[in-house]
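Engineer: Just entry.csv, nothing more (CSV, C-alpha atoms):
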chain,number,residue,atom,x,y,z
U,1,MET,CA,-52.8,38.7,-37.5
U,2,LYS,CA,-56.5,37.9,-37.3
U,3,TYR,CA,-58.6,35.1,-38.5
U,4,ASP,CA,-62.3,34.5,-39.0
U,5,THR,CA,-64.5,33.0,-36.3
U,6,ALA,CA,-67.7,31.3,-36.9
U,7,LEU,CA,-69.6,32.9,-34.1
U,8,SER,CA,-70.1,36.6,-33.7
U,9,GLY,CA,-71.1,38.9,-30.9
U,10,GLU,CA,-68.7,37.6,-28.4
U,11,ASP,CA,-65.2,38.5,-27.6
U,12,ARG,CA,-63.5,35.8,-29.6
U,13,ILE,CA,-59.8,35.3,-29.6
U,14,THR,CA,-58.5,36.7,-32.8
U,15,GLU,CA,-54.9,37.4,-32.0
U,16,PRO,CA,-52.9,34.1,-32.0
U,17,ASP,CA,-50.0,35.8,-30.3
U,18,ARG,CA,-52.1,36.7,-27.3
U,19,PRO,CA,-52.7,34.1,-24.6
U,20,HIS,CA,-56.4,33.6,-24.4
U,21,HIS,CA,-57.0,31.5,-21.3
U,22,THR,CA,-55.2,29.8,-18.5
U,23,SER,CA,-55.6,26.1,-18.6
U,24,ASN,CA,-56.0,24.4,-15.2
U,25,VAL,CA,-56.6,21.1,-17.0
U,26,LEU,CA,-53.2,21.4,-18.7
U,27,LYS,CA,-51.7,22.3,-15.3
U,28,GLU,CA,-53.1,19.2,-13.7
U,29,PHE,CA,-52.0,17.1,-16.6
U,30,THR,CA,-48.5,18.5,-16.3
U,31,GLU,CA,-48.3,18.1,-12.6
U,32,ARG,CA,-49.3,14.4,-12.9
U,33,LEU,CA,-46.5,13.9,-15.4
U,34,GLU,CA,-44.0,15.7,-13.2
U,35,ARG,CA,-44.7,13.3,-10.4
U,36,SER,CA,-43.0,10.5,-12.3
U,37,GLN,CA,-39.2,10.7,-12.7
U,38,ASN,CA,-39.4,8.7,-15.9
U,39,ALA,CA,-42.6,9.9,-17.5
U,40,GLN,CA,-43.2,9.2,-21.1
U,41,LEU,CA,-45.5,11.4,-23.1
U,42,LEU,CA,-47.0,11.2,-26.5
U,43,ASP,CA,-48.0,14.2,-28.5
U,44,LEU,CA,-50.1,13.5,-31.6
U,45,GLY,CA,-49.7,17.0,-33.1
U,46,PRO,CA,-49.9,19.5,-34.6
U,47,VAL,CA,-46.2,19.9,-34.2
U,48,CYS,CA,-45.6,22.9,-32.0
U,49,GLY,CA,-42.1,24.0,-30.9
U,50,GLU,CA,-43.3,25.7,-27.8
U,51,ASN,CA,-45.2,22.7,-26.6
U,52,ILE,CA,-42.3,20.4,-27.4
U,53,ASN,CA,-40.0,22.5,-25.3
U,54,PHE,CA,-42.5,22.8,-22.6
U,55,PHE,CA,-42.9,19.1,-22.1
U,56,ALA,CA,-39.5,17.9,-23.1
U,57,LYS,CA,-38.1,19.7,-20.1
U,58,ARG,CA,-40.6,18.1,-17.8
U,59,VAL,CA,-40.8,14.5,-18.9
U,60,LYS,CA,-38.1,11.8,-19.4
U,61,ARG,CA,-39.1,11.1,-23.0
U,62,LEU,CA,-41.4,13.0,-25.3
U,63,PHE,CA,-42.8,11.1,-28.2
U,64,VAL,CA,-44.1,13.2,-31.1
U,65,CYS,CA,-46.1,11.7,-33.9
U,66,ASP,CA,-47.9,14.3,-35.9
U,67,MET,CA,-51.2,12.7,-37.0
U,68,PHE,CA,-52.5,15.9,-38.5
U,69,LEU,CA,-49.9,16.0,-41.2
U,70,ARG,CA,-50.4,12.3,-41.9
U,71,LEU,CA,-54.1,12.7,-42.2
U,72,ASP,CA,-53.7,15.7,-44.3
U,73,LEU,CA,-51.3,13.9,-46.6
U,74,ALA,CA,-53.6,10.9,-46.9
U,75,CYS,CA,-56.5,13.2,-47.8
U,76,ARG,CA,-54.5,15.1,-50.4
U,77,ARG,CA,-53.4,11.9,-52.0
U,78,GLY,CA,-56.9,10.4,-52.0
U,79,LEU,CA,-55.9,7.6,-49.7
U,80,PRO,CA,-58.0,6.1,-47.0
U,81,THR,CA,-57.3,7.7,-43.6
U,82,THR,CA,-57.6,4.3,-41.9
U,83,ASN,CA,-54.0,3.5,-42.8
U,84,VAL,CA,-52.6,6.4,-40.9
U,85,TRP,CA,-53.2,4.8,-37.5
U,86,GLN,CA,-50.5,2.3,-38.3
U,87,HIS,CA,-48.0,5.0,-37.4
U,88,LEU,CA,-49.1,4.7,-33.8
U,89,ASP,CA,-47.2,1.4,-33.4
U,90,TYR,CA,-46.1,2.0,-29.8
U,91,PRO,CA,-46.2,-0.9,-27.4
U,92,PRO,CA,-49.0,-1.2,-25.0
U,93,LEU,CA,-48.7,0.6,-21.6
U,94,SER,CA,-46.0,2.9,-22.9
U,95,PHE,CA,-47.2,6.3,-21.9
U,96,ASP,CA,-48.0,8.3,-18.7
U,97,GLY,CA,-49.8,10.9,-20.9
U,98,ILE,CA,-51.2,11.3,-24.3
U,99,MET,CA,-52.1,14.7,-25.8
U,100,LEU,CA,-54.9,15.1,-28.4
U,101,TRP,CA,-54.7,18.8,-29.3
U,102,GLY,CA,-57.9,19.1,-31.3
U,103,LEU,CA,-57.3,15.9,-33.3
U,104,ILE,CA,-60.7,14.6,-32.4
U,105,ASP,CA,-62.4,17.5,-34.2
U,106,TYR,CA,-61.2,16.2,-37.5
U,107,LEU,CA,-62.2,12.6,-37.2
U,108,ASP,CA,-65.5,10.9,-37.6
U,109,ASP,CA,-67.0,8.9,-34.8
U,110,SER,CA,-65.5,5.6,-35.9
U,111,GLU,CA,-62.1,7.1,-36.3
U,112,VAL,CA,-62.4,8.7,-32.8
U,113,ARG,CA,-63.3,5.3,-31.4
U,114,LYS,CA,-60.3,3.7,-33.0
U,115,LEU,CA,-58.0,6.4,-31.9
U,116,LEU,CA,-59.3,6.3,-28.3
U,117,ASP,CA,-59.0,2.5,-28.3
U,118,LEU,CA,-55.4,2.9,-29.4
U,119,CYS,CA,-54.8,5.5,-26.7
U,120,ASN,CA,-56.4,3.2,-24.1
U,121,THR,CA,-53.9,0.5,-25.1
U,122,MET,CA,-50.9,2.7,-25.1
U,123,LEU,CA,-51.6,4.4,-21.8
U,124,LYS,CA,-50.4,3.0,-18.5
U,125,PRO,CA,-53.3,2.4,-16.1
U,126,SER,CA,-52.3,5.5,-14.1
U,127,GLY,CA,-51.8,7.5,-17.3
U,128,THR,CA,-54.0,10.4,-18.4
U,129,LEU,CA,-55.3,11.6,-21.8
U,130,LEU,CA,-55.6,15.3,-22.5
U,131,ALA,CA,-58.1,16.1,-25.2
U,132,VAL,CA,-58.8,19.5,-26.5
U,133,VAL,CA,-62.0,20.0,-28.6
U,134,GLN,CA,-63.9,22.8,-30.1
U,135,GLY,CA,-67.2,21.4,-28.7
U,136,GLU,CA,-70.6,21.9,-30.3
U,137,PHE,CA,-69.9,25.5,-31.3
U,138,THR,CA,-67.4,26.0,-34.1
U,139,VAL,CA,-64.9,28.5,-33.1
U,140,THR,CA,-63.1,28.4,-36.4
U,141,SER,CA,-62.7,26.1,-39.3
U,142,THR,CA,-59.0,26.9,-39.4
U,143,ILE,CA,-56.8,24.2,-37.9
U,144,ASN,CA,-54.9,25.6,-35.0
U,145,SER,CA,-52.2,24.5,-32.7
U,146,TYR,CA,-52.8,25.1,-29.1
U,147,VAL,CA,-49.7,26.8,-28.0
U,148,ILE,CA,-48.6,26.7,-24.4
U,149,ALA,CA,-47.3,30.1,-23.1
U,150,ASP,CA,-46.2,31.1,-19.6
U,151,ASN,CA,-48.2,30.1,-16.6
U,152,PHE,CA,-50.2,27.5,-18.4
U,153,GLU,CA,-51.8,30.0,-20.7
U,154,VAL,CA,-52.8,28.6,-24.0
U,155,TYR,CA,-53.4,30.4,-27.3
U,156,LEU,CA,-54.3,29.4,-30.8
U,157,ARG,CA,-51.9,29.6,-33.8
U,158,PRO,CA,-53.3,28.8,-37.2
U,159,GLN,CA,-51.8,26.0,-39.2
U,160,PRO,CA,-52.5,27.0,-42.8
U,161,HIS,CA,-50.5,24.1,-44.2
U,162,LEU,CA,-53.2,21.7,-42.9
U,163,SER,CA,-56.6,21.2,-44.4
U,164,LEU,CA,-59.0,18.7,-42.8
U,165,SER,CA,-62.7,18.6,-42.5
U,166,LEU,CA,-64.0,19.9,-39.2
U,167,ARG,CA,-66.5,17.5,-37.4
U,168,THR,CA,-67.5,19.2,-34.2
U,169,ARG,CA,-69.7,17.3,-31.8
U,170,HIS,CA,-71.6,17.7,-28.6
U,171,ASN,CA,-69.6,17.2,-25.5
U,172,ARG,CA,-71.9,14.4,-24.4
U,173,ALA,CA,-71.4,12.7,-27.7
U,174,LEU,CA,-67.7,12.9,-27.1
U,175,LEU,CA,-68.0,11.5,-23.6
U,176,THR,CA,-70.1,8.6,-25.0
U,177,ILE,CA,-67.4,7.8,-27.6
U,178,ALA,CA,-64.8,8.1,-24.9
U,179,ALA,CA,-66.4,5.3,-22.9
U,180,PRO,CA,-63.1,3.5,-22.2
U,181,PHE,CA,-62.1,6.5,-20.2
U,182,THR,CA,-63.3,8.2,-17.0
U,183,PRO,CA,-63.3,12.0,-17.0
U,184,ILE,CA,-61.1,13.5,-14.3
U,185,LYS,CA,-61.5,17.2,-15.1
U,186,SER,CA,-62.9,19.4,-17.8
U,187,PHE,CA,-63.2,23.0,-18.7
U,188,VAL,CA,-65.0,24.9,-21.4
U,189,SER,CA,-63.5,28.3,-22.2
U,190,ARG,CA,-65.4,31.4,-23.2
U,191,ASP,CA,-64.4,30.6,-26.7
U,192,GLY,CA,-66.0,27.2,-26.7
U,193,ILE,CA,-62.8,25.3,-26.5
U,194,GLY,CA,-63.2,22.2,-24.3
U,195,GLU,CA,-60.4,20.6,-22.4
U,196,ILE,CA,-60.9,17.2,-20.9
U,197,LEU,CA,-58.6,15.2,-18.8
U,198,LEU,CA,-59.4,11.5,-18.9
U,199,ARG,CA,-57.9,8.3,-17.5
U,200,PRO,CA,-58.5,4.7,-18.4
U,201,LYS,CA,-61.3,2.9,-16.6
K,1,MET,CA,-11.9,15.8,-51.2
K,2,LEU,CA,-14.0,16.7,-54.2
K,3,LYS,CA,-13.7,20.3,-55.3
K,4,LYS,CA,-16.5,22.6,-56.1
K,5,THR,CA,-17.6,22.5,-59.8
K,6,SER,CA,-17.9,25.6,-61.8
K,7,LYS,CA,-21.6,26.3,-61.4
K,8,ASP,CA,-23.7,23.8,-59.8
K,9,GLU,CA,-23.8,22.7,-56.2
K,10,THR,CA,-22.4,19.2,-56.9
K,11,PHE,CA,-19.3,19.3,-54.8
K,12,MET,CA,-17.8,18.1,-51.6
K,13,GLU,CA,-15.4,20.7,-50.5
K,14,SER,CA,-13.6,21.9,-47.5
K,15,THR,CA,-13.6,25.7,-47.6
K,16,PRO,CA,-10.2,27.1,-47.2
K,17,SER,CA,-9.2,28.4,-43.8
K,18,ILE,CA,-6.2,30.6,-43.6
K,19,ILE,CA,-5.7,30.7,-39.9
K,20,SER,CA,-6.7,27.2,-38.8
K,21,PRO,CA,-7.8,24.1,-40.6
K,22,VAL,CA,-10.6,23.9,-38.0
K,23,SER,CA,-11.9,27.4,-38.2
K,24,PRO,CA,-15.5,27.8,-37.0
K,25,LYS,CA,-16.4,28.9,-40.5
K,26,SER,CA,-14.9,26.0,-42.4
K,27,HIS,CA,-17.4,23.5,-43.7
K,28,THR,CA,-17.8,20.8,-46.2
K,29,VAL,CA,-20.8,20.5,-48.5
K,30,ILE,CA,-22.0,17.2,-49.9
K,31,GLY,CA,-23.8,18.3,-53.0
K,32,GLU,CA,-27.3,17.1,-54.0
K,33,ASN,CA,-26.0,14.7,-56.7
K,34,ILE,CA,-23.6,13.0,-54.4
K,35,SER,CA,-24.5,9.7,-52.6
K,36,ILE,CA,-22.4,8.3,-49.9
K,37,GLU,CA,-22.7,5.0,-48.2
K,38,GLY,CA,-20.5,4.7,-45.1
K,39,GLY,CA,-19.6,6.6,-42.0
K,40,ILE,CA,-18.4,10.1,-41.9
K,41,HIS,CA,-16.1,11.4,-39.1
K,42,GLY,CA,-14.9,15.0,-39.2
K,43,LYS,CA,-13.9,18.1,-37.3
K,44,GLU,CA,-15.6,20.7,-39.3
K,45,ASN,CA,-19.1,21.7,-40.1
K,46,LEU,CA,-20.9,19.7,-42.7
K,47,VAL,CA,-23.8,20.5,-45.0
K,48,ILE,CA,-25.5,17.6,-46.7
K,49,GLU,CA,-27.6,18.3,-49.7
K,50,GLY,CA,-27.1,14.8,-51.2
K,51,SER,CA,-27.7,11.3,-49.8
K,52,VAL,CA,-25.8,9.7,-47.0
K,53,LYS,CA,-26.3,6.3,-45.6
K,54,GLY,CA,-24.1,5.8,-42.6
K,55,ASN,CA,-23.2,7.3,-39.2
K,56,ILE,CA,-21.9,10.8,-39.0
K,57,GLU,CA,-19.7,12.0,-36.2
K,58,LEU,CA,-18.7,15.6,-36.0
K,59,GLU,CA,-18.3,15.9,-32.3
K,60,ALA,CA,-17.8,19.7,-31.8
K,61,ASN,CA,-19.2,20.8,-35.1
K,62,HIS,CA,-22.5,21.5,-36.8
K,63,LEU,CA,-24.4,19.3,-39.2
K,64,THR,CA,-27.0,20.6,-41.6
K,65,VAL,CA,-29.2,18.3,-43.5
K,66,GLY,CA,-30.2,20.6,-46.3
K,67,ALA,CA,-33.6,20.9,-47.8
K,68,LYS,CA,-32.6,18.3,-50.5
K,69,GLY,CA,-30.6,16.2,-48.2
K,70,ARG,CA,-31.4,12.6,-47.3
K,71,VAL,CA,-29.6,11.0,-44.4
K,72,GLU,CA,-30.0,7.5,-42.8
K,73,GLY,CA,-27.8,7.0,-39.8
K,74,GLU,CA,-26.8,7.9,-36.4
K,75,ILE,CA,-25.7,11.5,-35.9
K,76,GLN,CA,-23.4,12.8,-33.3
K,77,ALA,CA,-22.6,16.5,-33.4
K,78,ASP,CA,-22.5,19.6,-31.4
K,79,SER,CA,-25.5,21.0,-33.1
K,80,VAL,CA,-27.8,19.8,-35.9
K,81,THR,CA,-30.2,21.5,-38.3
K,82,VAL,CA,-32.6,19.4,-40.2
K,83,GLN,CA,-34.2,20.9,-43.3
K,84,GLY,CA,-34.5,17.7,-45.3
K,85,ARG,CA,-35.1,14.1,-44.6
K,86,LEU,CA,-33.3,12.4,-41.7
K,87,THR,CA,-34.0,8.9,-40.4
K,88,GLY,CA,-31.9,8.0,-37.4
K,89,ASN,CA,-31.0,9.2,-34.0
K,90,ILE,CA,-29.4,12.5,-33.2
K,91,LYS,CA,-27.1,13.0,-30.2
K,92,ALA,CA,-26.2,16.7,-29.9
K,93,SER,CA,-24.4,18.4,-27.1
K,94,GLY,CA,-26.0,21.7,-28.2
K,95,LYS,CA,-29.1,22.6,-30.1
K,96,VAL,CA,-31.2,20.7,-32.7
K,97,GLU,CA,-33.2,22.7,-35.1
K,98,ILE,CA,-36.0,21.1,-37.1
K,99,THR,CA,-37.4,23.3,-39.8
K,100,LYS,CA,-40.8,23.2,-41.4
K,101,GLU,CA,-39.6,21.4,-44.5
K,102,ALA,CA,-38.0,18.6,-42.5
K,103,ASP,CA,-39.1,15.0,-42.4
K,104,PHE,CA,-37.5,13.5,-39.3
K,105,SER,CA,-37.9,10.0,-37.8
K,106,GLY,CA,-35.9,8.9,-34.9
K,107,GLU,CA,-34.6,9.9,-31.5
K,108,ILE,CA,-33.2,13.3,-30.5
K,109,ARG,CA,-31.0,13.8,-27.4
K,110,ALA,CA,-29.9,17.4,-27.1
K,111,ARG,CA,-29.5,20.3,-24.8
K,112,SER,CA,-32.2,22.3,-26.5
K,113,ILE,CA,-34.5,22.0,-29.5
K,114,SER,CA,-36.5,24.2,-31.8
K,115,VAL,CA,-39.2,22.9,-34.1
K,116,GLU,CA,-41.1,24.9,-36.7
K,117,ASP,CA,-44.8,24.3,-37.4
K,118,GLY,CA,-45.2,22.0,-40.3
K,119,ALA,CA,-42.3,19.7,-39.7
K,120,MET,CA,-43.1,16.1,-40.3
K,121,LEU,CA,-42.0,14.3,-37.1
K,122,LYS,CA,-42.1,10.9,-35.6
K,123,ALA,CA,-39.6,11.5,-32.9
K,124,VAL,CA,-38.6,10.7,-29.4
K,125,ILE,CA,-37.1,13.7,-27.7
K,126,GLU,CA,-35.0,13.8,-24.6
K,127,LEU,CA,-33.7,17.2,-23.5
K,128,GLU,CA,-31.6,18.1,-20.5
K,129,ARG,CA,-34.2,18.9,-17.9
K,130,GLU,CA,-33.9,22.3,-16.3
K,131,SER,CA,-34.5,20.8,-12.9
K,132,GLN,CA,-35.1,17.4,-11.7
K,133,ILE,CA,-38.6,16.5,-10.8
K,134,LYS,CA,-40.3,19.3,-8.9
K,135,ALA,CA,-41.6,18.3,-5.6
K,136,VAL,CA,-45.2,18.1,-6.4
K,137,PRO,CA,-46.9,17.0,-3.2
K,138,GLU,CA,-49.2,14.0,-3.5
K,139,PRO,CA,-52.7,14.7,-2.3
K,140,LYS,CA,-53.4,12.8,0.9
K,141,ALA,CA,-56.2,10.7,-0.7
K,142,LYS,CA,-53.8,9.5,-3.4
K,143,ALA,CA,-51.2,8.5,-0.9
K,144,VAL,CA,-53.7,6.1,0.5
K,145,GLY,CA,-54.5,4.6,-2.8
K,146,GLN,CA,-51.0,4.1,-4.0
K,147,ALA,CA,-51.3,0.3,-4.1
K,148,SER,CA,-53.7,0.6,-7.1
K,149,PRO,CA,-52.8,3.0,-9.8
K,150,LEU,CA,-56.5,3.3,-10.8
K,151,SER,CA,-57.4,4.4,-7.4
K,152,GLN,CA,-55.1,7.4,-7.5
K,153,ASP,CA,-57.6,9.6,-9.3
K,154,LYS,CA,-61.0,9.9,-8.1
K,155,PRO,CA,-63.1,10.6,-11.1
K,156,THR,CA,-65.3,13.7,-11.0
K,157,SER,CA,-68.1,14.6,-13.3
K,158,ALA,CA,-67.4,16.3,-16.6
K,159,MET,CA,-67.4,20.0,-16.5
K,160,SER,CA,-66.0,20.0,-13.0
K,161,GLU,CA,-64.7,23.5,-13.4
K,162,GLY,CA,-65.1,26.4,-15.8
K,163,VAL,CA,-68.4,27.1,-17.3
K,164,LYS,CA,-70.6,24.4,-16.1
K,165,GLY,CA,-73.4,23.4,-18.3
K,166,SER,CA,-72.6,26.1,-20.9
K,167,ASN,CA,-71.5,23.4,-23.3
K,168,PRO,CA,-72.7,20.1,-22.0
Write the structure described by the file as structure tokens, please.

Structural biologist:
Amino acid sequence: MKYDTALSGEDRITEPDRPHHTSNVLKEFTERLERSQNAQLLDLGPVCGENINFFAKRVKRLFVCDMFLRLDLACRRGLPTTNVWQHLDYPPLSFDGIMLWGLIDYLDDSEVRKLLDLCNTMLKPSGTLLAVVQGEFTVTSTINSYVIADNFEVYLRPQPHLSLSLRTRHNRALLTIAAPFTPIKSFVSRDGIGEILLRPK
Amino acid sequence: MLKKTSKDETFMESTPSIISPVSPKSHTVIGENISIEGGIHGKENLVIEGSVKGNIELEANHLTVGAKGRVEGEIQADSVTVQGRLTGNIKASGKVEITKEADFSGEIRARSISVEDGAMLKAVIELERESQIKAVPEPKAKAVGQASPLSQDKPTSAMSEGVKGSNP
């Protein structure tokens, strides 16, 4: 199965079943979690069975709260998206890790700030935030899950049931918004997908 | 138990089992027009297409919350399939399956799990871990900084690896 990409002339990933890059950022994120015997991890979606299995076997407790579906539902119903954040009602300092698989790409700057503030509150001081973004180049307007395969390979799988407006931004703009955090590691794949590992300042 | 009606699915029935009353294939269906408030304890598979408020204990059997099923309560079973709405905690000795139509809120403790794309989840998942924590060696610099969690990670600049500067 193939899907359209916004850029042409380069070898874009078009087969969601084929791993497209090895993520050293994901590897480091995972290794940090595995150092703790009682790690708690929060995944904000999209829901992905492979990722749930990957992490649920490596952390003590995996929390899943799919914000994509909740944002999508609010948009379809014509409701303000500001209310969806109430679902992130976890106590402060709960998590050793939080995963933002592309969520930032579908939020405006004010929503990103609000989300990152929430993440900053929910993360333990030693915790890390994994953000995956499409960067300034639009790879595809299709919402994808970033599926973890063997050996930390990650590939994209379209989520046709989701429809949200894409708001790509320059990496520097993202780092400015992410002011409460310090970047630890980052990577930009050939396909323009950016992976950033952050920790609270 | 209620018997199956002539045409519709509004029934609560134990399917007959010739050899054993607890045959693996025997199951009870709570039809979509049935509402139950109270606990359920049983030794056969159960399919819920109706509404149940209460705890469900099936121990060595399978629970299915069907696409039209709505359940609020604590679940204890060998394995569980959620296709409808389930609010509560699941404790399964085997597998938990969450399908794309499911709306689940609660905790899941199980041996294994499968989740389809599109499922509405607000969940806490605890699986049996394949192996206990792997011996991931701490970098020497971090061992020095253990007193302060913030000192464990020396920040590096963005784009520390990969295609530096290609997408600043």

Engineer: Considering only C-alpha atoms, state which residue in the set U:Lys201, U:Arg77, U:Arg169, U:Lys114 is at the smallest distance from chain K.

Structural biologist: U:Lys201

Engineer: Per residue of chain U within 7 Å of chain K, note the shortest atom pair and the distance in Å to one decimal, counting all atoms listed in the file, and order the rows by chain and increasing residue number, as a Markdown table.

Structural biologist:
| residue | atom | partner | partner_atom | distance |
| --- | --- | --- | --- | --- |
| U:Glu31 | CA | K:Val136 | CA | 6.9 |
| U:Glu34 | CA | K:Ile133 | CA | 6.0 |
| U:Arg35 | CA | K:Val136 | CA | 6.3 |
| U:Gln37 | CA | K:Ile133 | CA | 6.1 |
| U:Val47 | CA | K:Asp117 | CA | 5.6 |
| U:Cys48 | CA | K:Asp117 | CA | 5.6 |
| U:Gly49 | CA | K:Val115 | CA | 4.5 |
| U:Asn53 | CA | K:Ile113 | CA | 6.9 |
| U:Ala56 | CA | K:Leu127 | CA | 5.9 |
| U:Lys57 | CA | K:Arg129 | CA | 4.5 |
| U:Arg58 | CA | K:Arg129 | CA | 6.5 |
| U:Lys60 | CA | K:Glu126 | CA | 6.4 |
| U:Arg61 | CA | K:Glu126 | CA | 5.2 |
| U:Leu62 | CA | K:Ile125 | CA | 5.0 |
| U:Phe63 | CA | K:Val124 | CA | 4.4 |
| U:Val64 | CA | K:Ala123 | CA | 5.1 |
| U:Cys65 | CA | K:Lys122 | CA | 4.4 |
| U:Asp66 | CA | K:Leu121 | CA | 6.0 |
| U:Leu69 | CA | K:Met120 | CA | 6.9 |
| U:Pro125 | CA | K:Leu150 | CA | 6.3 |
| U:Ser126 | CA | K:Pro149 | CA | 5.0 |
| U:His161 | CA | K:Gly118 | CA | 6.9 |
| U:Asn171 | CA | K:Pro168 | CA | 5.5 |
| U:Arg172 | CA | K:Pro168 | CA | 6.2 |
| U:Thr182 | CA | K:Pro155 | CA | 6.4 |
| U:Pro183 | CA | K:Ala158 | CA | 6.0 |
| U:Ile184 | CA | K:Pro155 | CA | 4.8 |
| U:Lys185 | CA | K:Ser160 | CA | 5.7 |
| U:Ser186 | CA | K:Met159 | CA | 4.7 |
| U:Phe187 | CA | K:Gly162 | CA | 4.9 |
| U:Val188 | CA | K:Val163 | CA | 5.8 |
| U:Ser189 | CA | K:Gly162 | CA | 6.9 |

Engineer: One decimal, Å: what's the distance from CA of Gly45 (chain U) over to CA of Gly94 (chain K), could you say?

Structural biologist: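 It comes out at 24.7 Å.
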
Engineer: Tell me, as number ranges by chain, which residues lie within 6 Å of region 101-104 of chain U, counting only C-alpha atoms; anything in the same chain fewer than 3 positions away does not count.

Structural biologist: U: 107, 131-133

Engineer: May I ask for the distance between CA of Ser163 (chain U) and CA of Pro46 (chain U), given in Å to one decimal place?

Structural biologist: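 If I compute the distance from CA of Ser163 (chain U) to CA of Pro46 (chain U), I get 12.0 Å.
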
Engineer: What's the 7 Å shell around Gly39 (chain K), counting all atoms listed in the file, without same-chain residues fewer than 5 positions away, as a VMD selection string?

Structural biologist: chain K and resid 54 to 56

Engineer: One decimal, in Å: what's the spacing between CA of Cys119 (chain U) and CA of Ile98 (chain U)?

Structural biologist: 7.2 Å

Engineer: Do you know which residues are at most 12 Å from Glu37 (chain K) counting all atoms listed in the file, after dropping those on the same chain fewer than 4 positions away, and could you put them as a PyMOL selection string?

Structural biologist: chain K and resi 50-56+70-73

Engineer: Between U:Met67, U:Leu166, U:Val59, U:Val25, single out the one closest to Ala39 (chain U), counting only C-alpha atoms.

Structural biologist: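 Counting only C-alpha atoms, the residue closest to Ala39 (chain U) is U:Val59.
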
Engineer: Restricting the calculation to all atoms listed in the file: of U:Ser145, U:Asn83, U:Ser23, U:Ser110, which residue gets closest to Leu44 (chain U)?

Structural biologist: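 The shortest atom-to-atom distance to Leu44 (chain U) comes from U:Ser145.
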
Engineer: Between U:Lys124, U:Arg199, U:Arg167, U:Arg70, which one has atoms that come closest to Phe181 (chain U), using all atoms listed in the file?

Structural biologist: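 Answer, going by the shortest atom-to-atom distance: U:Arg199.
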
Engineer: Which neighbours of Lys91 (chain K) fall inside 9 Å, counting all atoms listed in the file, when residues of the same chain fewer than 6 positions from it are skipped, and could you give them as a VMD selection string?

Structural biologist: chain K and resid 74 to 80 107 to 110

Engineer: Identify, on the basis of all atoms listed in the file, every residue whose closest approach to Arg113 (chain U) does not exceed 8 Å; exclude the query and any residue fewer than 3 positions from it along the same chain; express the result as a ChimeraX atom specification.

Structural biologist: /U:109-110,116-117,177-178

Engineer: Using all atoms listed in the file, can you tell me which of U:Leu156, U:Met99, U:Leu42, U:Met122 comes closest to Leu26 (chain U)?

Structural biologist: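 The shortest atom-to-atom distance to Leu26 (chain U) comes from U:Met99.
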